[in-house]
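Trainee: Just passing along the structure, written as structure tokens.
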Amino acid sequence: MTDPNIAANTETISLTAFTEGAYLNYAMYVINDRALPHIGDGLKPVQRRIVFAMSELRLGADAKFMKSARTVGDVIGKYHPHGDSASYEAMVLMAQSFSYRYPLVDGQGNWGSPDDPKSFAAMRYTESRLTRYASVLLEELGQGTVQFIPNFDGTMEEPVLLPARLPNILLNGGSGIAVGMATDIPPHNINEVVSACIHLLDQPRATVADLCEHIQGPDFPTEAEIISSKADIRQIYETGRGAIRTRAVYEVEDGDIVITAIPFQVSGTKILEQIAAQMQAKKLPMVVDLRDESDHENPTRIVIVPRSNRIDVPGLMAHLFATTDLERTHRVNFNMIGLDGRPRVKPLNVMLSEWLTFRTDTVVRRLTYRLEKILARLHILEGLMIAYLNLDEVIRIIRTEDKPKQVLMANYALSEIQADAILDLRLRQLAKLEEMKIRGEQDELSTERADIEKTLGSPARLKTMVKKELTRDASDFGDSRRSPIVSRAEAQAFSDKDLLSTEALTIVLSEMGWVRAARGHDTDPRELSYRSGDGFFKAVRGRSNQDVVFFDSTGRAYTLAAHTLPTARGQGEPLTGRTNPPSGAHFTGLVCADKDQQFLLASDAGYGFVATMSDLQSKNKAGKSVISVPSGGVVLQPQAVTDMANEFVAAVSNEGRLLIFPLSELPVLPRGKGVKIMNIPKTLLADRLEFMAHLVVLTATDTLVVMSGKRHINLKFDDLQHYRGERARRGLKLPRGFQKVDKVELLKGTAHGAAPPLVEGS
């Protein structure tokens with residue numbers, strides 16, 4: 001049976017309300033007392049307690065080092081009742097120069113390395129003290145600048161905040177994960193931030209764009225480059241969120257690539273592992289060796305040895321930037337606890353304005369505290385002067401009266417404090433010289449009092465004082481920017497083709513549309529074996545890292561990678577297995593070249609244009625329509641174009657008509673019908689009695705070879721002047737015996753000594 005007294009004192013609450021309240025209380029605890037830094041001093045509670053505990057242990061920058069275990073013991077025993085390992089890790093982070101832009105702890109011993117920040121020794125082995133920079137947070141602590149509250153057990157007091165003289169929230173930044181929110185604030189440079197603060201004091205309505213004239217961007221402890229654009233950085237400062245991209249710095253020494261700086265919070269060992277893994281997977285054939293030459297003098301020195309001096313170093317590094325941690329994206333989230341005690345993401349101008357409010361209030365509290373001390377001292381000095389002016393009577397009262405304190409207060413209108421000060425005087429202080437010291441001290445304190453009262457009563461003087469103190473601290477602790485902000489191209493990883501060895505290939509197409517690739521350019525495709533009823537049709541010379549484009553009779557183009565084609569050891573495979581041409585179409589030509597190579601495309605109807613290789617390529621198995629072909633017409637074999645301004649077109653009809661005109665008269669198009677090259681009468685074209693059978697691109701140094709049956713004729717460029725005409729003419733008849741042209745070839749002159757890229761069958 002339930003006790004009625006217990007029931008009367010019991011509160012009934014639903015499980016939903018209880019769990020919701022408990023979770024919210026826990027969330028607010030994590031946000032305010034564990035994970036997020038305060039805008040005032042830029043510290044989380046554990047960091048603040050570590051710095052305060054070390055100051056209480058008198059571990060300043062000039063003190064002797066003390067065992068870290070002693071500091072951690074004080075922290076967890078007096079202020080932070082949590083695990084010693086978590087407190088020590090927070091302390092280690094503040095001591096690592098590669099983690100903090102301006103470290104707060106000066107460590108002696110093993111405090112970790114950039115390769116493994118958690119490789120630090122146990123706290124019983126390391127020693128520590130505060131750095132000079134830590135004085136920025138602590139120097140004004142005992143001057144009434146901040147509120148003190150009881151510690152967790154109520155036996156001691158600890159500061160709510162530290163009276164930071166610089167915006168440490170930006171200078172050292174910080175990261176943390178709370179309940180439902182996180183923070184990622186990158187570090188910044190003291191000189192730039194102070195310059196922005198001074199500008200904001202002079203121009204309280206300054207925009208983020210104005211402040212970006214002073215703050216270029218984050219300044220990480222490492223010397224890696226920041227490659228985010230200025231517009232992106234400004235966007236981050238305006239919204240309080242975004243991402244900063246950093247990239248390693250390298251230089252070339254005697255052909256070797258030497259990486260001298262890596263991004264913030266990136267391990268050099270991990271980078272070595274990532275590059276080595278690609279080398280083992282044969283994804284970096286252009287790299288033959290990888291070394292780590294880092295030492296004390298060169299903390300970062302990773303050496304990459306290319307296979308030869310012909311390797312494209314920028315291209316190789318662009319691949320490594322895209323595939324390893326040599327390029328890193330750092331998340332930015334300016335989430336912090338504001339002066340109102342609430343977490344919020346703040347843009348740059350709001351953040352600095354709020355910190356300047358904190359700093360101004362701190363200076364006011366410091367001056368007020370000092371003024372109170374001066375007034376109290378002047379009050380005592382006033383009483384002492386009364387005693388010296390009436391010294392004999394004061395001595396008599398002290399010697400003869402039973403209650404000298406009350407008599408002094410009654411006779412000379414002294415306060416209790418003044419009377420106690422007189423009674424506490426020693427005999428040695430009754431000398432005449434002491435009176436002069438009191439008057440001198442009164443004058444000094446009165447002058448200081450007047451100066452403080454003027455400052456407190458003048459916002460302009462107060463602002464000037466804040467600016468002077470900021471400038472002084474920037475002069476004492478400021479340094480040059482470490483992270484240069486530069487503009488770099490987007491990093492691109494190598495494709496499978498880029499990683500292939502660029503060996504020479506001869507791509508062979510048979511009459512029935514079977515394809516294969518033979519190694520080298522010296523292969524004679526006519527000597528290869530073919531299936532029964534099949535034979536050699538066309539072949540082009542290319543390289544294994546290029547694409548091959550095949551054309552069918554309807555004007556569609558199909559793209560295959562050269563390195564994926566079957567070898568010439570067999571008889572190849574049908575193109576229809578890899579492509580899906582229209583019904584009734586047959587393959588009429590092929591090309592293999594780089595993406596920027598140009599080709600003359602034409603149909604036997606006498607129309608054509610110049611196109612670029614990249615316009616012909618398609619990943620679609622059904623290809624893409626490139627040339628518009630009239631009914632019954634076919635696409636001719638494309639001809640490579642080297643220099644449009646100095647090349648000519650030689651068009652030959654099946655009836656032996658030849659027309660020569662400048663190639664520059666043809667347009668450059670991605671697709672279409674093109675313009676008229678050779679005028680073929682429609683009636684003859686419709687019945688296939690006459691059509692443009694051959695098309696060649698030549699220069700003034702080439703010789704045109706025209707074949708008819710077993711006869712051939714060599715026409716040098718001077719001989720071809722007879723056939724020169726305007727584009728879209730019908731052309732002139734070739735000599736008797738060449739009315740039926742079977743084949744047209746070129747003999748390359750001295751200007752084009754290389755072997756022709758195309759081999760055609762008979």
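Quick note on naming: the chains in the structure tokens go A, B, ... in the order shown, residues restart at 1 in each chain, and ligands are numbered from 1 in order of appearance.
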Which residues, written as a list in words, have at least one atom at most 8 Å from Gln265 (chain A), with only C-alpha atoms counted and residues fewer than 2 positions away on the same chain left out?
Mentor: Phe98, Ser99, Pro114, Pro263 and Ser267 of chain A
Trainee: Neighbouring residues of Ser97 (chain A) were defined as those with any atom within 12 Å, considering only C-alpha atoms; residues of the same chain fewer than 2 positions away were excluded. Please report them as a PDB file with all heavy atoms, in the first residue's frame.
Mentor:
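Full text of part_35.pdb as output:
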ATOM      1  N   VAL A  92      47.182  18.714 -25.189  1.00  0.00           N
ATOM      2  CA  VAL A  92      48.147  18.420 -26.259  1.00  0.00           C
ATOM      3  C   VAL A  92      47.813  19.215 -27.513  1.00  0.00           C
ATOM      4  O   VAL A  92      48.703  19.774 -28.176  1.00  0.00           O
ATOM      5  CB  VAL A  92      48.153  16.907 -26.567  1.00  0.00           C
ATOM      6  CG1 VAL A  92      48.920  16.621 -27.848  1.00  0.00           C
ATOM      7  CG2 VAL A  92      48.764  16.133 -25.405  1.00  0.00           C
ATOM      8  N   LEU A  93      46.540  19.292 -27.844  1.00  0.00           N
ATOM      9  CA  LEU A  93      46.125  20.020 -29.038  1.00  0.00           C
ATOM     10  C   LEU A  93      46.566  21.477 -28.972  1.00  0.00           C
ATOM     11  O   LEU A  93      46.997  22.051 -29.974  1.00  0.00           O
ATOM     12  CB  LEU A  93      44.604  19.938 -29.190  1.00  0.00           C
ATOM     13  CG  LEU A  93      44.024  20.440 -30.512  1.00  0.00           C
ATOM     14  CD1 LEU A  93      44.408  19.504 -31.643  1.00  0.00           C
ATOM     15  CD2 LEU A  93      42.515  20.569 -30.419  1.00  0.00           C
ATOM     16  N   MET A  94      46.478  22.070 -27.788  1.00  0.00           N
ATOM     17  CA  MET A  94      46.860  23.478 -27.640  1.00  0.00           C
ATOM     18  C   MET A  94      48.370  23.669 -27.667  1.00  0.00           C
ATOM     19  O   MET A  94      48.850  24.799 -27.743  1.00  0.00           O
ATOM     20  CB  MET A  94      46.297  24.038 -26.334  1.00  0.00           C
ATOM     21  CG  MET A  94      44.782  24.132 -26.315  1.00  0.00           C
ATOM     22  SD  MET A  94      44.153  25.043 -24.897  1.00  0.00           S
ATOM     23  CE  MET A  94      44.544  23.930 -23.570  1.00  0.00           C
ATOM     24  N   ALA A  95      49.126  22.559 -27.605  1.00  0.00           N
ATOM     25  CA  ALA A  95      50.580  22.647 -27.625  1.00  0.00           C
ATOM     26  C   ALA A  95      51.180  22.338 -28.992  1.00  0.00           C
ATOM     27  O   ALA A  95      52.365  22.609 -29.224  1.00  0.00           O
ATOM     28  CB  ALA A  95      51.172  21.694 -26.587  1.00  0.00           C
ATOM     29  N   SER A  99      48.743  22.121 -35.169  1.00  0.00           N
ATOM     30  CA  SER A  99      47.297  22.109 -34.953  1.00  0.00           C
ATOM     31  C   SER A  99      46.763  23.491 -34.608  1.00  0.00           C
ATOM     32  O   SER A  99      45.667  23.858 -35.027  1.00  0.00           O
ATOM     33  CB  SER A  99      46.928  21.131 -33.829  1.00  0.00           C
ATOM     34  OG  SER A  99      47.261  19.804 -34.178  1.00  0.00           O
ATOM     35  N   TYR A 100      47.522  24.255 -33.817  1.00  0.00           N
ATOM     36  CA  TYR A 100      47.126  25.600 -33.407  1.00  0.00           C
ATOM     37  C   TYR A 100      47.989  26.621 -34.134  1.00  0.00           C
ATOM     38  O   TYR A 100      49.209  26.474 -34.201  1.00  0.00           O
ATOM     39  CB  TYR A 100      47.292  25.769 -31.896  1.00  0.00           C
ATOM     40  CG  TYR A 100      45.989  25.655 -31.123  1.00  0.00           C
ATOM     41  CD1 TYR A 100      45.107  24.607 -31.382  1.00  0.00           C
ATOM     42  CD2 TYR A 100      45.646  26.569 -30.139  1.00  0.00           C
ATOM     43  CE1 TYR A 100      43.922  24.484 -30.683  1.00  0.00           C
ATOM     44  CE2 TYR A 100      44.466  26.459 -29.434  1.00  0.00           C
ATOM     45  CZ  TYR A 100      43.605  25.413 -29.706  1.00  0.00           C
ATOM     46  OH  TYR A 100      42.423  25.303 -29.028  1.00  0.00           O
ATOM     47  N   ARG A 101      47.339  27.645 -34.667  1.00  0.00           N
ATOM     48  CA  ARG A 101      48.105  28.712 -35.335  1.00  0.00           C
ATOM     49  C   ARG A 101      48.963  29.465 -34.326  1.00  0.00           C
ATOM     50  O   ARG A 101      50.098  29.821 -34.611  1.00  0.00           O
ATOM     51  CB  ARG A 101      47.124  29.658 -36.039  1.00  0.00           C
ATOM     52  CG  ARG A 101      47.785  30.797 -36.813  1.00  0.00           C
ATOM     53  CD  ARG A 101      48.604  30.281 -37.959  1.00  0.00           C
ATOM     54  NE  ARG A 101      49.158  31.355 -38.760  1.00  0.00           N
ATOM     55  CZ  ARG A 101      50.259  32.040 -38.463  1.00  0.00           C
ATOM     56  NH1 ARG A 101      50.942  31.701 -37.374  1.00  0.00           N
ATOM     57  NH2 ARG A 101      50.700  33.004 -39.239  1.00  0.00           N
ATOM     58  N   TYR A 102      48.399  29.702 -33.140  1.00  0.00           N
ATOM     59  CA  TYR A 102      49.136  30.369 -32.065  1.00  0.00           C
ATOM     60  C   TYR A 102      48.970  29.523 -30.806  1.00  0.00           C
ATOM     61  O   TYR A 102      48.022  29.707 -30.044  1.00  0.00           O
ATOM     62  CB  TYR A 102      48.608  31.796 -31.839  1.00  0.00           C
ATOM     63  CG  TYR A 102      48.698  32.665 -33.078  1.00  0.00           C
ATOM     64  CD1 TYR A 102      47.591  32.852 -33.901  1.00  0.00           C
ATOM     65  CD2 TYR A 102      49.892  33.269 -33.441  1.00  0.00           C
ATOM     66  CE1 TYR A 102      47.678  33.629 -35.044  1.00  0.00           C
ATOM     67  CE2 TYR A 102      49.982  34.040 -34.586  1.00  0.00           C
ATOM     68  CZ  TYR A 102      48.875  34.216 -35.387  1.00  0.00           C
ATOM     69  OH  TYR A 102      48.969  34.981 -36.524  1.00  0.00           O
ATOM     70  N   PRO A 103      49.878  28.542 -30.576  1.00  0.00           N
ATOM     71  CA  PRO A 103      49.726  27.608 -29.450  1.00  0.00           C
ATOM     72  C   PRO A 103      49.644  28.327 -28.106  1.00  0.00           C
ATOM     73  O   PRO A 103      50.278  29.366 -27.897  1.00  0.00           O
ATOM     74  CB  PRO A 103      50.986  26.742 -29.553  1.00  0.00           C
ATOM     75  CG  PRO A 103      51.398  26.835 -30.983  1.00  0.00           C
ATOM     76  CD  PRO A 103      51.043  28.218 -31.413  1.00  0.00           C
ATOM     77  N   LEU A 104      48.877  27.735 -27.196  1.00  0.00           N
ATOM     78  CA  LEU A 104      48.716  28.281 -25.850  1.00  0.00           C
ATOM     79  C   LEU A 104      49.602  27.579 -24.835  1.00  0.00           C
ATOM     80  O   LEU A 104      49.869  28.119 -23.765  1.00  0.00           O
ATOM     81  CB  LEU A 104      47.251  28.165 -25.414  1.00  0.00           C
ATOM     82  CG  LEU A 104      46.229  28.931 -26.258  1.00  0.00           C
ATOM     83  CD1 LEU A 104      44.814  28.583 -25.833  1.00  0.00           C
ATOM     84  CD2 LEU A 104      46.463  30.421 -26.144  1.00  0.00           C
ATOM     85  N   VAL A 105      50.037  26.362 -25.159  1.00  0.00           N
ATOM     86  CA  VAL A 105      50.857  25.561 -24.255  1.00  0.00           C
ATOM     87  C   VAL A 105      52.215  25.322 -24.893  1.00  0.00           C
ATOM     88  O   VAL A 105      52.298  24.968 -26.081  1.00  0.00           O
ATOM     89  CB  VAL A 105      50.165  24.222 -23.918  1.00  0.00           C
ATOM     90  CG1 VAL A 105      51.059  23.353 -23.049  1.00  0.00           C
ATOM     91  CG2 VAL A 105      48.832  24.474 -23.229  1.00  0.00           C
ATOM     92  N   ASP A 106      53.263  25.525 -24.106  1.00  0.00           N
ATOM     93  CA  ASP A 106      54.634  25.267 -24.548  1.00  0.00           C
ATOM     94  C   ASP A 106      55.041  23.912 -23.998  1.00  0.00           C
ATOM     95  O   ASP A 106      55.186  23.744 -22.782  1.00  0.00           O
ATOM     96  CB  ASP A 106      55.558  26.376 -24.034  1.00  0.00           C
ATOM     97  CG  ASP A 106      56.989  26.197 -24.513  1.00  0.00           C
ATOM     98  OD1 ASP A 106      57.221  25.333 -25.384  1.00  0.00           O
ATOM     99  OD2 ASP A 106      57.877  26.923 -24.024  1.00  0.00           O
ATOM    100  N   GLY A 107      55.194  22.923 -24.863  1.00  0.00           N
ATOM    101  CA  GLY A 107      55.453  21.563 -24.421  1.00  0.00           C
ATOM    102  C   GLY A 107      56.910  21.163 -24.544  1.00  0.00           C
ATOM    103  O   GLY A 107      57.640  21.620 -25.424  1.00  0.00           O
ATOM    104  N   TRP A 111      55.153  15.524 -28.080  1.00  0.00           N
ATOM    105  CA  TRP A 111      53.788  16.050 -28.132  1.00  0.00           C
ATOM    106  C   TRP A 111      53.121  15.720 -29.461  1.00  0.00           C
ATOM    107  O   TRP A 111      52.224  16.421 -29.914  1.00  0.00           O
ATOM    108  CB  TRP A 111      53.796  17.564 -27.896  1.00  0.00           C
ATOM    109  CG  TRP A 111      54.134  17.918 -26.482  1.00  0.00           C
ATOM    110  CD1 TRP A 111      55.373  17.992 -25.935  1.00  0.00           C
ATOM    111  CD2 TRP A 111      53.215  18.196 -25.427  1.00  0.00           C
ATOM    112  NE1 TRP A 111      55.300  18.309 -24.606  1.00  0.00           N
ATOM    113  CE2 TRP A 111      53.971  18.453 -24.263  1.00  0.00           C
ATOM    114  CE3 TRP A 111      51.826  18.260 -25.349  1.00  0.00           C
ATOM    115  CZ2 TRP A 111      53.390  18.754 -23.043  1.00  0.00           C
ATOM    116  CZ3 TRP A 111      51.240  18.571 -24.126  1.00  0.00           C
ATOM    117  CH2 TRP A 111      52.016  18.813 -22.983  1.00  0.00           C
ATOM    118  N   GLY A 112      53.545  14.643 -30.097  1.00  0.00           N
ATOM    119  CA  GLY A 112      52.926  14.214 -31.348  1.00  0.00           C
ATOM    120  C   GLY A 112      53.619  14.820 -32.549  1.00  0.00           C
ATOM    121  O   GLY A 112      54.511  15.671 -32.431  1.00  0.00           O
ATOM    122  N   SER A 113      53.207  14.362 -33.741  1.00  0.00           N
ATOM    123  CA  SER A 113      53.799  14.835 -34.987  1.00  0.00           C
ATOM    124  C   SER A 113      52.694  15.055 -36.004  1.00  0.00           C
ATOM    125  O   SER A 113      51.588  14.531 -35.854  1.00  0.00           O
ATOM    126  CB  SER A 113      54.800  13.806 -35.520  1.00  0.00           C
ATOM    127  OG  SER A 113      54.129  12.615 -35.891  1.00  0.00           O
ATOM    128  N   PRO A 114      52.966  15.820 -37.071  1.00  0.00           N
ATOM    129  CA  PRO A 114      51.932  16.022 -38.101  1.00  0.00           C
ATOM    130  C   PRO A 114      51.455  14.719 -38.724  1.00  0.00           C
ATOM    131  O   PRO A 114      50.296  14.609 -39.114  1.00  0.00           O
ATOM    132  CB  PRO A 114      52.640  16.915 -39.135  1.00  0.00           C
ATOM    133  CG  PRO A 114      53.719  17.613 -38.367  1.00  0.00           C
ATOM    134  CD  PRO A 114      54.172  16.619 -37.327  1.00  0.00           C
ATOM    135  N   PRO A 117      49.105  12.995 -35.078  1.00  0.00           N
ATOM    136  CA  PRO A 117      48.950  13.946 -33.964  1.00  0.00           C
ATOM    137  C   PRO A 117      48.697  13.281 -32.617  1.00  0.00           C
ATOM    138  O   PRO A 117      48.934  13.889 -31.578  1.00  0.00           O
ATOM    139  CB  PRO A 117      47.740  14.789 -34.399  1.00  0.00           C
ATOM    140  CG  PRO A 117      47.679  14.651 -35.881  1.00  0.00           C
ATOM    141  CD  PRO A 117      48.152  13.261 -36.164  1.00  0.00           C
ATOM    142  N   THR A 131      52.547  29.510 -23.113  1.00  0.00           N
ATOM    143  CA  THR A 131      53.329  30.301 -24.071  1.00  0.00           C
ATOM    144  C   THR A 131      53.152  31.793 -23.792  1.00  0.00           C
ATOM    145  O   THR A 131      52.293  32.205 -23.002  1.00  0.00           O
ATOM    146  CB  THR A 131      52.859  30.008 -25.509  1.00  0.00           C
ATOM    147  OG1 THR A 131      51.479  30.372 -25.630  1.00  0.00           O
ATOM    148  CG2 THR A 131      53.018  28.544 -25.852  1.00  0.00           C
ATOM    149  N   ASN A 172      42.823  31.219 -33.514  1.00  0.00           N
ATOM    150  CA  ASN A 172      43.114  29.793 -33.401  1.00  0.00           C
ATOM    151  C   ASN A 172      41.980  28.922 -33.904  1.00  0.00           C
ATOM    152  O   ASN A 172      42.164  27.732 -34.139  1.00  0.00           O
ATOM    153  CB  ASN A 172      43.441  29.429 -31.949  1.00  0.00           C
ATOM    154  CG  ASN A 172      44.904  29.650 -31.623  1.00  0.00           C
ATOM    155  OD1 ASN A 172      45.784  29.370 -32.439  1.00  0.00           O
ATOM    156  ND2 ASN A 172      45.168  30.171 -30.444  1.00  0.00           N
ATOM    157  N   PHE A 220      46.322  28.946 -42.165  1.00  0.00           N
ATOM    158  CA  PHE A 220      46.549  27.684 -41.473  1.00  0.00           C
ATOM    159  C   PHE A 220      47.992  27.582 -40.975  1.00  0.00           C
ATOM    160  O   PHE A 220      48.888  28.256 -41.488  1.00  0.00           O
ATOM    161  CB  PHE A 220      46.232  26.513 -42.403  1.00  0.00           C
ATOM    162  CG  PHE A 220      44.781  26.445 -42.808  1.00  0.00           C
ATOM    163  CD1 PHE A 220      44.372  26.894 -44.055  1.00  0.00           C
ATOM    164  CD2 PHE A 220      43.833  25.946 -41.937  1.00  0.00           C
ATOM    165  CE1 PHE A 220      43.039  26.835 -44.430  1.00  0.00           C
ATOM    166  CE2 PHE A 220      42.502  25.879 -42.303  1.00  0.00           C
ATOM    167  CZ  PHE A 220      42.098  26.328 -43.547  1.00  0.00           C
ATOM    168  N   PRO A 221      48.247  26.716 -39.985  1.00  0.00           N
ATOM    169  CA  PRO A 221      49.624  26.560 -39.485  1.00  0.00           C
ATOM    170  C   PRO A 221      50.595  26.052 -40.544  1.00  0.00           C
ATOM    171  O   PRO A 221      51.784  26.361 -40.487  1.00  0.00           O
ATOM    172  CB  PRO A 221      49.461  25.543 -38.345  1.00  0.00           C
ATOM    173  CG  PRO A 221      48.042  25.660 -37.921  1.00  0.00           C
ATOM    174  CD  PRO A 221      47.276  25.973 -39.168  1.00  0.00           C
ATOM    175  N   THR A 222      50.104  25.241 -41.489  1.00  0.00           N
ATOM    176  CA  THR A 222      50.983  24.761 -42.556  1.00  0.00           C
ATOM    177  C   THR A 222      51.064  25.796 -43.673  1.00  0.00           C
ATOM    178  O   THR A 222      50.267  26.735 -43.720  1.00  0.00           O
ATOM    179  CB  THR A 222      50.470  23.432 -43.126  1.00  0.00           C
ATOM    180  OG1 THR A 222      49.181  23.652 -43.714  1.00  0.00           O
ATOM    181  CG2 THR A 222      50.330  22.405 -42.028  1.00  0.00           C
ATOM    182  N   PHE A 264      46.540  21.473 -44.130  1.00  0.00           N
ATOM    183  CA  PHE A 264      46.305  21.440 -42.689  1.00  0.00           C
ATOM    184  C   PHE A 264      45.605  20.136 -42.300  1.00  0.00           C
ATOM    185  O   PHE A 264      44.691  19.682 -42.981  1.00  0.00           O
ATOM    186  CB  PHE A 264      45.439  22.650 -42.315  1.00  0.00           C
ATOM    187  CG  PHE A 264      45.086  22.756 -40.858  1.00  0.00           C
ATOM    188  CD1 PHE A 264      46.061  22.702 -39.883  1.00  0.00           C
ATOM    189  CD2 PHE A 264      43.767  22.920 -40.470  1.00  0.00           C
ATOM    190  CE1 PHE A 264      45.738  22.817 -38.540  1.00  0.00           C
ATOM    191  CE2 PHE A 264      43.426  23.039 -39.136  1.00  0.00           C
ATOM    192  CZ  PHE A 264      44.419  22.990 -38.172  1.00  0.00           C
ATOM    193  N   GLN A 265      46.108  19.512 -41.207  1.00  0.00           N
ATOM    194  CA  GLN A 265      45.545  18.287 -40.644  1.00  0.00           C
ATOM    195  C   GLN A 265      45.626  17.099 -41.607  1.00  0.00           C
ATOM    196  O   GLN A 265      44.795  16.194 -41.558  1.00  0.00           O
ATOM    197  CB  GLN A 265      44.091  18.505 -40.198  1.00  0.00           C
ATOM    198  CG  GLN A 265      43.958  19.466 -39.036  1.00  0.00           C
ATOM    199  CD  GLN A 265      42.529  19.689 -38.605  1.00  0.00           C
ATOM    200  OE1 GLN A 265      41.608  19.553 -39.392  1.00  0.00           O
ATOM    201  NE2 GLN A 265      42.321  20.053 -37.353  1.00  0.00           N
TER     202      GLN A 265
END
Trainee: Measuring between only C-alpha atoms, which one of A:Ser532, A:Thr300, A:Ser294, A:Ser495 shows the shortest distance to Leu316 (chain A)?
Mentor: A:Ser495
Trainee: What lies within 9 Å of region 280-293 of chain A using only C-alpha atoms, ignoring chain neighbours under 4 positions off, as a list in words?
Mentor: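 These residues fall inside the cut-off: Gly268, Thr269, Leu272, Ile275, Ala276, Asn298, Pro299, Thr300, Arg301, Ile302, Val303, Ile304, Val305, Pro306, Arg307, Ser308, Ile311, Leu316, Phe494, Asp496, Leu499, Leu500 and Ser501 of chain A.
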Trainee: Pull C-alpha atoms from the residues just selected and write them as a PDB file, in the first residue's frame.
Mentor:
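Contents of selection_24.pdb, freshly written:
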ATOM      1  CA  GLY A 268      52.399  12.974 -44.895  1.00  0.00           C
ATOM      2  CA  THR A 269      52.503   9.237 -44.214  1.00  0.00           C
ATOM      3  CA  LEU A 272      52.800   8.417 -49.224  1.00  0.00           C
ATOM      4  CA  ILE A 275      50.609   7.448 -53.925  1.00  0.00           C
ATOM      5  CA  ALA A 276      52.280   4.077 -53.301  1.00  0.00           C
ATOM      6  CA  ASN A 298      62.596  20.050 -43.475  1.00  0.00           C
ATOM      7  CA  PRO A 299      59.439  18.866 -41.681  1.00  0.00           C
ATOM      8  CA  THR A 300      57.791  18.138 -45.033  1.00  0.00           C
ATOM      9  CA  ARG A 301      59.852  16.829 -47.941  1.00  0.00           C
ATOM     10  CA  ILE A 302      58.198  14.164 -50.076  1.00  0.00           C
ATOM     11  CA  VAL A 303      60.107  13.314 -53.262  1.00  0.00           C
ATOM     12  CA  ILE A 304      58.373  11.897 -56.359  1.00  0.00           C
ATOM     13  CA  VAL A 305      60.676  10.683 -59.126  1.00  0.00           C
ATOM     14  CA  PRO A 306      59.140  10.763 -62.643  1.00  0.00           C
ATOM     15  CA  ARG A 307      60.076   8.123 -65.194  1.00  0.00           C
ATOM     16  CA  SER A 308      61.721  10.684 -67.472  1.00  0.00           C
ATOM     17  CA  ILE A 311      56.690  13.599 -68.110  1.00  0.00           C
ATOM     18  CA  LEU A 316      50.900  14.482 -62.955  1.00  0.00           C
ATOM     19  CA  PHE A 494      43.974  10.895 -65.225  1.00  0.00           C
ATOM     20  CA  ASP A 496      42.104   5.335 -68.204  1.00  0.00           C
ATOM     21  CA  LEU A 499      47.321   6.126 -67.884  1.00  0.00           C
ATOM     22  CA  LEU A 500      47.886   3.929 -70.931  1.00  0.00           C
ATOM     23  CA  SER A 501      51.245   3.758 -72.599  1.00  0.00           C
TER      24      SER A 501
END
Trainee: Set the distance at 12 Å and use only C-alpha atoms: which residues neighbour region 711-724 of chain A once local chain neighbours fewer than 3 positions away are removed? I'd like the list as a ChimeraX atom specification.
Mentor: /A:647-652,656-662,698-708,727-749
Trainee: Write out as a PyMOL selection string each polymer residue whose atoms come within 9 Å of region 208-219 of chain A, counting only C-alpha atoms; drop sequence neighbours fewer than 2 positions from it.
Mentor: chain A and resi 101+170-171+186-189+191-197+199-200+206+221-223+226+230+233-234+237-238+244+347-349+481-485
Trainee: Using only C-alpha atoms, which residues of region 386-499 of chain A come within 8 Å of region 158-165 of chain A, and what is the closest atom pair for each, with the distance in Å to one decimal? Give it as a tab-separated table, sorted by chain and residue number.
Mentor:
residue	atom	partner	partner_atom	distance
A:Glu469	CA	A:Arg165	CA	7.7
A:Leu470	CA	A:Arg165	CA	7.1
A:Asp473	CA	A:Arg165	CA	7.8
Trainee: Would you give me, as number ranges by chain, the residues in region 304-380 of chain A that DSSP reads as helix (DSSP H, G or I)?
Mentor: A: 313-323, 348-380
Trainee: Just checking: using only C-alpha atoms, which residue out of A:Gly383, A:Pro343, A:Gly457, A:Pro566 ends up closest to Gln442 (chain A)?
Mentor: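 Going through A:Gly383, A:Pro343, A:Gly457, A:Pro566 one by one, the smallest distance to Gln442 (chain A) is for A:Gly383.
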Trainee: For a quick check of understanding, using only C-alpha atoms, which of A:Ala17, A:Val363, A:Met692, A:Ile271 has the smallest distance to Thr145 (chain A)?
Mentor: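 Of the candidates, the smallest distance to Thr145 (chain A) is held by A:Val363.
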Trainee: Residues of region 308-400 of chain A that approach region 136-139 of chain A to 12 Å or less, counting only C-alpha atoms: could you list each one with the shortest pair of atoms and its distance in Å to one decimal, rows by chain and increasing residue number, as CSV?
Mentor:
residue,atom,partner,partner_atom,distance
A:Arg359,CA,A:Leu137,CA,11.5
A:Thr362,CA,A:Leu137,CA,11.8
A:Arg366,CA,A:Glu139,CA,11.2
Trainee: I need the residue nearest Ile149 (chain A) from this list: A:Thr612, A:Leu36, A:Tyr79, A:Ala593. Use only C-alpha atoms for the distance.
Mentor: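 Looking only at the distances to Ile149 (chain A), the closest residue turns out to be A:Tyr79.
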Trainee: What lies within 9 Å of Met91 (chain A) using only C-alpha atoms, ignoring chain neighbours under 4 positions off, as a PyMOL selection string?
Mentor: chain A and resi 46-47+50-51+68+72+86-87+95+104-105
Trainee: Based on the backbone DSSP call, show me all residues of region 138-267 of chain A assigned strand (DSSP E), as a PyMOL selection string.
Mentor: chain A and resi 148-150+157-159+174-177+182-185+225-226+241-247+249-253+256-261
